[in-house]
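Asks: A single structure is presented below for examination.
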Amino acid sequence: MMKPKIMVVEDEAVVALNLRLILSRLGYDVPCVAASYDQALQGARVTAPDLVLMDINISGHKDGIDTAAAINAPVIYLTAYAEQSTLDRAKATGPYGYLLKPFSERELHATLQMALERRRIEKELHQSRESLAAAYAEIQTAKDQLETHATELFHQKERLLVTLNAIGDGVITTDDRGLVNFINPAATEMTGWSQADACGQPSTTVMDLRDAETGARLASPLEAALMTGKSVGLSVNCALMDRSGGNRLVEDSVALIRDRDAKVIGAVMVFHDVSVARQLAAEMTYQATHDSLTGLFNRLEFERRLGKAIAAAETDPRPSVLAYLDLDQFKIINDICGHAAGDETLRQVAKLLRGPLRSSDCLARLGGDEFGVLLEGCPLDAATRVVEAMKKQINDFHFVWGDRVFPIGVSVGLVSFGGGDERLTLELNEILRLADSACYTAKEAGRNGIHTYEPDDALLTKIHDEMDWYGRIHRALQDDSFVLYAQPIVALGQTEPFGRHVEILLRLRDTGGKIVPPMAFLPAAERYGLMRNIDRWVIRTAFAAIAESGQMEGSLFAINLSGCSLNDESILRFIDHQLDFWQIRPQAICFEITETSAISNMLTASAFIAMLRARGCRFALDDFGSGMASFAYLKHFQVDYLKIDGSFVKDMVNNPVDAAMVQAINGIGHVMGIQTIAEYVENDDISRLLAAVGIDYGQGYALGRPVPLEALLTRPPVATLAHM
């Protein structure tokens with residue numbers, strides 16, 4: 001048995017390759033993968049696929065919908081989101097289904113199986129109709145030749161009867177009074193009437209037609225055709241009731257039988273069972289609008305309904321409310337018990353969320369552990385009470401998996417719109433964004449709470465600013481808008497062992513050319529997981545500048561690494577590659593990691609330090625002394641320098657406790673063979689006191705301000721030390 005052929009039209013190579021692997025694993029043949037309109041048409045002509053998986057948003061002069069319209073093959077659309085106008089265009093092409101990205105392997109397989117079954121049924125129906133049309137043509141030819149070809153007509157009639165008896169469509173013919181005079185086996189099976197019982201009966205008796213929804217009896221199309229003299233068809237939602245009381249959905253056509261003089265002498269009805277096809281269509285419609293895991297509406301359908309509510313709000317005096325819900329502690333269940341437990345949690349939570357809602361409210365799973373509720377015609381105070389009830393349902397629920405019990409919370413963001421409130425622009429993406437931000441604010445405020453959006457919301461403004469930094473940081477990485485600065489680290493009370501000893505610092509140049517300090521954007525980078533990318537940019541750019549300067553010999557360049565990079569398994573390979581690529585002396589590089597991130601990732605940090613120290617790199621523990629158990633943890637890390645937290649250094653001249661802390665850190669460090677560096681050396685008094693207590697190095701404005709790394713590297717090392 002040949003495998004079904006599935007052609008993939010997807011312009012993202014990774015997605016296309018992944019689809020091809022999944023389809024092959026599921027037992028399908030993937031004869032072609034196309035990325036554009038022209039490739040898709042050529043592939044379809046050459047391979048004649050049974051189905052086409054079509055990404056709506058392919059690149060090029062024509063999108064997936066235009067491509068689908070030009071391909072002579074059934075199409076299943078792949079989409080993450082599209083505007084309503086795009087969905088209307090897609091619907092006009094008569095697709096066999098939709099798959100909403102991201103989708104599971106199970107969803108893909110089920111959708112393909114239903115589409116292939118529908119294709120098979122349609123082919124069979126098409127072939128049956130073609131056979132029947134040919135049979136009717138032969139009947140007409142035989143009738144015209146009746147007088148001169150009586151014997152031939154008899155044989156033709158026998159052949160046609162065999163054909164009518166063999167086809168899958170039901171056929172019933174009547175005389176001009178509407179009495180049945182022929183019924184084929186397929187019609188016998190569907191009506192429950194035998195040839196002997198049916199002949200002579202009124203067509204309304206044999207064909208008991210009902211409205212599929214109401215059960216009301218429908219007029220016979222055979223009788224209507226005989227009365228009007230015109231061919232008619234069944235109503236769209238028609239069910240055939242058989243003699244035993246069973247029913248099935250049917251579609252039909254009725255034609256009049258005329259003699260040579262065009263006089264009506266009877267009628268013929270051809271009908272077929274469309275129950276399976278309708279069920280498949282209903283399932284595909286359900287699949288396109290519902291989440292397969294929870295049975296709730298999916299994001300696409302939710303956004304469609306929200307769009308309609310927004311449009312109606314312009315004239316509806318009643319306000320509506322959008323609630324955005326995000327489960328708290330859900331990741332713990334996934335991490336500890338696996339995704340099967342997570343899926344079961346979502347199913348149970350979905351049932352709980354339905355409880356407090358009205359039948360008219362729309363509840364959807366928006367993705368992951370996020371849910372949306374649209375409460376139309378509902379004031380904010382009433383909506384808040386509903387959401388409070390939903391939150392209580394979740395708080396009272398404890399998910400049980402094996403011998404483990406997990407409490408769950410939910411954070412909720414609310415946005416009210418419509419009802420004459422013109423403060424909020426009625427735009428779908430904006431309202432969704434505000435609801436998501438309000439939910440995020442609820443999480444930031446301590447989780448398991450409700451936050452309602454207000455136009456002058458200070459918390460949301462802060463979050464929006466951080467979100468804005470997310471985009472700006474991405475652009476800075478792409479456009480190389482970051483700038484490296486360097487600040488000298490100076491020997492105190494000893495001969496300077498390095499020709500150049502600096503810490504490399506990060507700045508950002510905005511679109512106006514202004515230099516932005518790191519504390520303006522690093523919190524957002526840490527919050528949104530961008531520190532790995534920034535660390536890699538700094539390492540690559542710093543190594544390139546050092547290599548070009550040719551000043552590695554006798555120099556030491558300190559580079560900061562974030563805690564995120566300590567947990568990145570690939571960062572060691574990256575650093576090794578960059579050292580080799582730029583031919584950097586490892587002894588010229590000192591990586592600085594904060595005491596807090598080192599303690600938080602103790603095993604990882606120890607292994608990380610050991611591997612790079614083995615290559616020759618040096619390490620410094622930054623902000624040392626800020627932790628509660630710094631000395632206890634220090635013995636676990638093989639480092640070369642301790643950078644004493646500046647909060648102790650800046651006030652040590654006037655604060656004997658701070659001075660004692662600096663002296664204690666210096667003493668412990670020297671006992672362990674670790675040199676010390678004091679930060680925040682802001683004046684000469686601090687510098688002299690640090691030298692007096694034996695601190696090895698100082699760093700601060702009193703010893704040298706940060707300057708662009710490129711400018712610093714153009715100066716000779718000795719001159720640099722002399723003038724800083």
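Residue numbers start at 1 in each chain; chains themselves are named A, B, ... in the order of the structure tokens; ligands are numbered from 1 in the order shown.
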Could you find all residues in region 136-320 of chain A that DSSP calls strand (DSSP E or B) from the backbone, and write them as a VMD selection string?
Replies: chain A and resid 170 to 175 179 to 183 202 208 to 211 217 238 to 241 247 to 258 264 to 273 290 297 319 to 320
Asks: Would you mind listing what lies within 6 Å of Leu322 (chain A) as a CSV table (one decimal) with C-alpha atoms, in the first residue's frame, with only C-alpha atoms counted and same-chain residues fewer than 2 positions away left out?
Replies:
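Below is the file selection_29.csv, written as the result:
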```csv
chain,number,residue,atom,x,y,z
A,373,VAL,CA,-11.9,35.3,29.5
A,374,LEU,CA,-14.1,37.7,27.5
A,414,LEU,CA,-8.1,43.0,33.7
A,415,VAL,CA,-8.9,45.5,31.0
```
Asks: With only C-alpha atoms as the atoms that count, which of A:Ala35, A:Val707, A:Ile593, A:Leu566 lies nearest to Asn57 (chain A)?
Replies: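 For Asn57 (chain A), the nearest of the given residues is A:Ala35.
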Asks: Quick one, how far is CA of Ala620 (chain A) from CA of Phe498 (chain A)?
Replies: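 Atom-to-atom, CA of Ala620 (chain A) and CA of Phe498 (chain A) are spaced 16.1 Å apart.
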Asks: Near Glu12 (chain A), within 10 Å and counting only C-alpha atoms, which residues show up once chain neighbours fewer than 4 positions away are dropped, as an MDAnalysis selection string?
Replies: chainID A and resid 16:17 35 55 58:59
Asks: Using the selection just defined, write its residues with N, CA and C atoms as a PDB file, in the first residue's frame.
Replies:
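That gives us out.pdb:
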```pdb
ATOM      1  N   ALA A  16      10.419  23.602   8.166  1.00  0.00           N
ATOM      2  CA  ALA A  16      10.149  22.664   7.083  1.00  0.00           C
ATOM      3  C   ALA A  16      10.844  21.328   7.321  1.00  0.00           C
ATOM      4  N   LEU A  17      12.111  21.374   7.768  1.00  0.00           N
ATOM      5  CA  LEU A  17      12.846  20.129   8.042  1.00  0.00           C
ATOM      6  C   LEU A  17      12.179  19.354   9.166  1.00  0.00           C
ATOM      7  N   ALA A  35       9.394  26.420  -0.793  1.00  0.00           N
ATOM      8  CA  ALA A  35       9.492  27.605   0.053  1.00  0.00           C
ATOM      9  C   ALA A  35       8.871  28.835  -0.592  1.00  0.00           C
ATOM     10  N   ASP A  55       1.977  26.877   4.627  1.00  0.00           N
ATOM     11  CA  ASP A  55       2.152  28.019   5.530  1.00  0.00           C
ATOM     12  C   ASP A  55       1.537  29.249   4.866  1.00  0.00           C
ATOM     13  N   ILE A  58       4.151  32.506   3.621  1.00  0.00           N
ATOM     14  CA  ILE A  58       5.416  32.264   2.927  1.00  0.00           C
ATOM     15  C   ILE A  58       5.889  33.554   2.274  1.00  0.00           C
ATOM     16  N   SER A  59       7.179  33.648   2.104  1.00  0.00           N
ATOM     17  CA  SER A  59       7.752  34.865   1.530  1.00  0.00           C
ATOM     18  C   SER A  59       7.580  34.863   0.014  1.00  0.00           C
TER      19      SER A  59
END
```
Asks: Can you pull out every residue within 9 Å of region 216-228 of chain A, counting only C-alpha atoms, but drop anything in the same chain fewer than 3 positions away, and send it as JSON, numbers by chain?
Replies: {"A": [173, 174, 176, 177, 178, 203, 204, 207, 208, 209, 210, 211, 212, 213, 231, 232, 233, 234, 235, 238, 253, 254, 255, 256, 264, 265, 266, 267, 268, 269]}
Asks: Store the residues of this selection in a file with N, CA, C and O atoms, as a short mmCIF file (atom, residue, chain, number, x, y, z; two decimals), in the first residue's frame.
Replies:
```cif
data_model
loop_
_atom_site.label_atom_id
_atom_site.label_comp_id
_atom_site.auth_asym_id
_atom_site.auth_seq_id
_atom_site.Cartn_x
_atom_site.Cartn_y
_atom_site.Cartn_z
N THR A 173 -36.83 6.04 -8.77
CA THR A 173 -37.58 6.66 -9.86
C THR A 173 -39.07 6.48 -9.60
O THR A 173 -39.51 5.52 -8.95
N THR A 174 -39.83 7.44 -10.10
CA THR A 174 -41.29 7.40 -9.94
C THR A 174 -41.96 7.63 -11.28
O THR A 174 -41.33 8.10 -12.24
N ASP A 176 -45.39 9.53 -13.27
CA ASP A 176 -45.80 10.92 -13.25
C ASP A 176 -46.72 11.26 -12.09
O ASP A 176 -47.01 12.42 -11.84
N ARG A 177 -47.20 10.24 -11.34
CA ARG A 177 -48.03 10.48 -10.17
C ARG A 177 -47.22 10.47 -8.87
O ARG A 177 -47.77 10.64 -7.78
N GLY A 178 -45.91 10.22 -8.97
CA GLY A 178 -45.06 10.20 -7.79
C GLY A 178 -45.01 8.87 -7.10
O GLY A 178 -44.53 8.78 -5.96
N SER A 203 -43.71 8.42 -3.11
CA SER A 203 -42.30 8.73 -2.81
C SER A 203 -42.14 9.28 -1.40
O SER A 203 -41.12 9.07 -0.75
N THR A 204 -43.17 9.97 -0.88
CA THR A 204 -43.08 10.53 0.47
C THR A 204 -43.06 9.44 1.53
O THR A 204 -42.56 9.65 2.64
N MET A 207 -39.34 7.83 0.94
CA MET A 207 -38.33 8.84 1.30
C MET A 207 -38.88 9.73 2.41
O MET A 207 -39.49 10.76 2.15
N ASP A 208 -38.68 9.31 3.66
CA ASP A 208 -39.16 10.08 4.81
C ASP A 208 -38.08 11.09 5.20
O ASP A 208 -37.12 10.79 5.91
N LEU A 209 -38.24 12.31 4.71
CA LEU A 209 -37.22 13.34 4.88
C LEU A 209 -37.58 14.26 6.04
O LEU A 209 -38.72 14.74 6.13
N ARG A 210 -36.59 14.53 6.90
CA ARG A 210 -36.80 15.36 8.10
C ARG A 210 -35.73 16.45 8.19
O ARG A 210 -34.61 16.29 7.68
N ASP A 211 -36.08 17.52 8.90
CA ASP A 211 -35.09 18.53 9.24
C ASP A 211 -34.17 17.95 10.31
O ASP A 211 -34.64 17.47 11.35
N ALA A 212 -32.86 17.96 10.06
CA ALA A 212 -31.91 17.29 10.95
C ALA A 212 -31.89 17.89 12.35
O ALA A 212 -31.55 17.20 13.32
N GLU A 213 -32.24 19.15 12.50
CA GLU A 213 -32.20 19.79 13.81
C GLU A 213 -33.53 19.72 14.54
O GLU A 213 -33.59 19.40 15.72
N SER A 231 -36.55 20.75 -12.01
CA SER A 231 -35.69 19.95 -11.14
C SER A 231 -35.43 20.70 -9.85
O SER A 231 -35.23 21.92 -9.85
N VAL A 232 -35.42 19.99 -8.71
CA VAL A 232 -35.19 20.60 -7.40
C VAL A 232 -34.19 19.75 -6.62
O VAL A 232 -33.84 18.64 -7.01
N GLY A 233 -33.75 20.28 -5.47
CA GLY A 233 -32.84 19.54 -4.60
C GLY A 233 -33.30 19.58 -3.17
O GLY A 233 -34.23 20.31 -2.81
N LEU A 234 -32.64 18.79 -2.31
CA LEU A 234 -32.98 18.76 -0.89
C LEU A 234 -32.51 20.03 -0.20
O LEU A 234 -31.60 20.73 -0.68
N SER A 235 -33.11 20.33 0.94
CA SER A 235 -32.61 21.42 1.77
C SER A 235 -31.24 21.04 2.32
O SER A 235 -30.87 19.86 2.36
N CYS A 238 -30.74 18.19 5.69
CA CYS A 238 -31.79 17.20 5.49
C CYS A 238 -31.33 15.83 5.99
O CYS A 238 -30.21 15.39 5.70
N SER A 253 -30.18 15.13 -5.74
CA SER A 253 -30.65 15.92 -6.87
C SER A 253 -31.80 15.17 -7.51
O SER A 253 -31.84 13.94 -7.48
N VAL A 254 -32.76 15.93 -8.04
CA VAL A 254 -33.95 15.35 -8.68
C VAL A 254 -34.02 15.86 -10.11
O VAL A 254 -33.83 17.06 -10.36
N ALA A 255 -34.29 14.97 -11.04
CA ALA A 255 -34.47 15.34 -12.44
C ALA A 255 -35.75 14.72 -12.97
O ALA A 255 -36.17 13.64 -12.53
N LEU A 256 -36.38 15.42 -13.92
CA LEU A 256 -37.61 14.92 -14.53
C LEU A 256 -37.28 13.99 -15.69
O LEU A 256 -36.29 14.17 -16.40
N VAL A 264 -43.63 15.20 -19.22
CA VAL A 264 -43.10 14.59 -18.00
C VAL A 264 -43.79 13.26 -17.77
O VAL A 264 -45.03 13.20 -17.66
N ILE A 265 -42.98 12.20 -17.69
CA ILE A 265 -43.54 10.87 -17.45
C ILE A 265 -43.04 10.29 -16.12
O ILE A 265 -43.37 9.15 -15.78
N GLY A 266 -42.27 11.04 -15.40
CA GLY A 266 -41.76 10.57 -14.12
C GLY A 266 -40.61 11.43 -13.64
O GLY A 266 -40.31 12.49 -14.20
N ALA A 267 -40.00 10.96 -12.59
CA ALA A 267 -38.87 11.69 -12.01
C ALA A 267 -37.88 10.70 -11.40
O ALA A 267 -38.25 9.57 -11.05
N VAL A 268 -36.63 11.13 -11.29
CA VAL A 268 -35.60 10.29 -10.68
C VAL A 268 -34.88 11.10 -9.60
O VAL A 268 -34.58 12.28 -9.80
N MET A 269 -34.64 10.46 -8.47
CA MET A 269 -33.88 11.08 -7.38
C MET A 269 -32.61 10.28 -7.15
O MET A 269 -32.65 9.06 -7.02
#
```
Asks: Measuring between only C-alpha atoms, which one of A:Tyr453, A:Tyr470, A:Trp537, A:Tyr28 shows the shortest distance to Ala524 (chain A)?
Replies: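 Selected residue with least distance to Ala524 (chain A): A:Tyr470.
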Asks: May I ask which of the residues A:Gln663, A:Leu712, A:Gln638, A:Asp343 is the closest one to His501 (chain A), counting only C-alpha atoms?
Replies: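 Among A:Gln663, A:Leu712, A:Gln638, A:Asp343, it is A:Leu712 that comes nearest to His501 (chain A).
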Asks: Please identify every residue of region 247-346 of chain A that has at least one atom no farther than 10 Å from an atom of region 434-447 of chain A, counting only C-alpha atoms, and for each give the shortest atom pair and the distance in Å to one decimal, arranged by chain then increasing number, as CSV.
Replies:
```
residue,atom,partner,partner_atom,distance
A:Val321,CA,A:Ala435,CA,9.8
A:Leu322,CA,A:Ala435,CA,7.0
A:Ala323,CA,A:Ala435,CA,6.7
A:Tyr324,CA,A:Ala435,CA,5.7
A:Leu325,CA,A:Cys439,CA,6.7
A:Asp326,CA,A:Cys439,CA,7.1
A:Leu327,CA,A:Arg447,CA,9.1
A:Asp328,CA,A:Arg447,CA,6.8
A:Gln329,CA,A:Arg447,CA,9.5
```
Asks: Please, could you write that set of residues out with all heavy atoms as a CSV table (one decimal), in the first residue's frame?
Replies:
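The resulting file, selection-v7.csv, is shown below:
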```csv
chain,number,residue,atom,x,y,z
A,321,VAL,N,-15.3,43.4,29.5
A,321,VAL,CA,-14.0,43.2,30.2
A,321,VAL,C,-13.2,42.0,29.6
A,321,VAL,O,-13.8,41.0,29.4
A,321,VAL,CB,-14.2,43.0,31.7
A,321,VAL,CG1,-12.9,42.6,32.5
A,321,VAL,CG2,-14.9,44.2,32.4
A,322,LEU,N,-11.9,42.2,29.4
A,322,LEU,CA,-11.0,41.1,29.0
A,322,LEU,C,-10.2,40.8,30.3
A,322,LEU,O,-9.6,41.6,30.9
A,322,LEU,CB,-10.1,41.6,27.9
A,322,LEU,CG,-8.9,40.7,27.6
A,322,LEU,CD1,-9.4,39.3,27.1
A,322,LEU,CD2,-8.1,41.3,26.5
A,323,ALA,N,-10.2,39.5,30.6
A,323,ALA,CA,-9.3,39.0,31.7
A,323,ALA,C,-8.2,38.1,31.1
A,323,ALA,O,-8.5,37.2,30.3
A,323,ALA,CB,-10.2,38.2,32.7
A,324,TYR,N,-7.0,38.3,31.5
A,324,TYR,CA,-5.9,37.5,31.1
A,324,TYR,C,-5.3,36.8,32.3
A,324,TYR,O,-4.9,37.4,33.3
A,324,TYR,CB,-4.8,38.5,30.5
A,324,TYR,CG,-3.8,37.8,29.6
A,324,TYR,CD1,-3.9,37.9,28.2
A,324,TYR,CD2,-2.8,37.0,30.1
A,324,TYR,CE1,-3.0,37.3,27.4
A,324,TYR,CE2,-1.8,36.4,29.3
A,324,TYR,CZ,-1.9,36.6,27.9
A,324,TYR,OH,-1.0,36.0,27.1
A,325,LEU,N,-5.4,35.5,32.3
A,325,LEU,CA,-5.0,34.7,33.5
A,325,LEU,C,-3.7,33.9,33.2
A,325,LEU,O,-3.6,33.3,32.1
A,325,LEU,CB,-6.1,33.7,33.8
A,325,LEU,CG,-7.4,34.3,34.3
A,325,LEU,CD1,-8.3,34.7,33.2
A,325,LEU,CD2,-8.2,33.2,35.1
A,326,ASP,N,-2.8,33.8,34.1
A,326,ASP,CA,-1.6,33.1,34.0
A,326,ASP,C,-1.4,32.3,35.3
A,326,ASP,O,-1.3,32.9,36.4
A,326,ASP,CB,-0.4,34.0,33.8
A,326,ASP,CG,0.9,33.3,33.4
A,326,ASP,OD1,0.9,32.1,33.5
A,326,ASP,OD2,1.8,34.0,32.9
A,327,LEU,N,-1.3,31.0,35.2
A,327,LEU,CA,-1.1,30.2,36.4
A,327,LEU,C,0.2,30.4,37.1
A,327,LEU,O,1.2,30.6,36.4
A,327,LEU,CB,-1.3,28.7,36.0
A,327,LEU,CG,-2.6,28.2,35.4
A,327,LEU,CD1,-2.6,26.7,35.2
A,327,LEU,CD2,-3.8,28.6,36.3
A,328,ASP,N,0.2,30.4,38.4
A,328,ASP,CA,1.4,30.5,39.2
A,328,ASP,C,1.8,29.1,39.6
A,328,ASP,O,1.0,28.2,39.8
A,328,ASP,CB,1.2,31.3,40.4
A,328,ASP,CG,0.8,32.7,40.1
A,328,ASP,OD1,1.2,33.2,39.0
A,328,ASP,OD2,0.0,33.3,40.8
A,329,GLN,N,3.1,28.8,39.7
A,329,GLN,CA,3.7,27.5,40.1
A,329,GLN,C,3.4,26.4,39.2
A,329,GLN,O,3.7,25.2,39.5
A,329,GLN,CB,3.2,27.1,41.5
A,329,GLN,CG,3.7,27.9,42.7
A,329,GLN,CD,2.8,29.2,42.9
A,329,GLN,OE1,1.6,29.1,42.9
A,329,GLN,NE2,3.5,30.3,43.2
```
Asks: As a PyMOL selection string, which residues of region 200-380 of chain A does DSSP assign to alpha helix (DSSP H)?
Replies: chain A and resi 203-206+221-228+275-289+299-313+330-337+339-354+380
Asks: Interatomic distance between CA of Ile539 (chain A) and CA of Ile575 (chain A)?
Replies: 7.6 Å
Asks: Quick one: everything within 8 Å of region 85-102 of chain A, counting only C-alpha atoms, minus sequence neighbours fewer than 4 positions away in the same chain. Send it as a count of residues only.
Replies: 20
Asks: Find the distance between CA of Glu301 (chain A) and CA of Arg347 (chain A) and write it in Å to one decimal.
Replies: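 Value for the CA of Glu301 (chain A)-CA of Arg347 (chain A) distance: 18.7 Å.
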Asks: Of the candidates A:Ala486, A:Met602, A:Ala691, A:Ala311, which one gets nearest to Phe417 (chain A) if we count only C-alpha atoms?
Replies: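 Under the stated criterion, the closest residue is A:Ala311.
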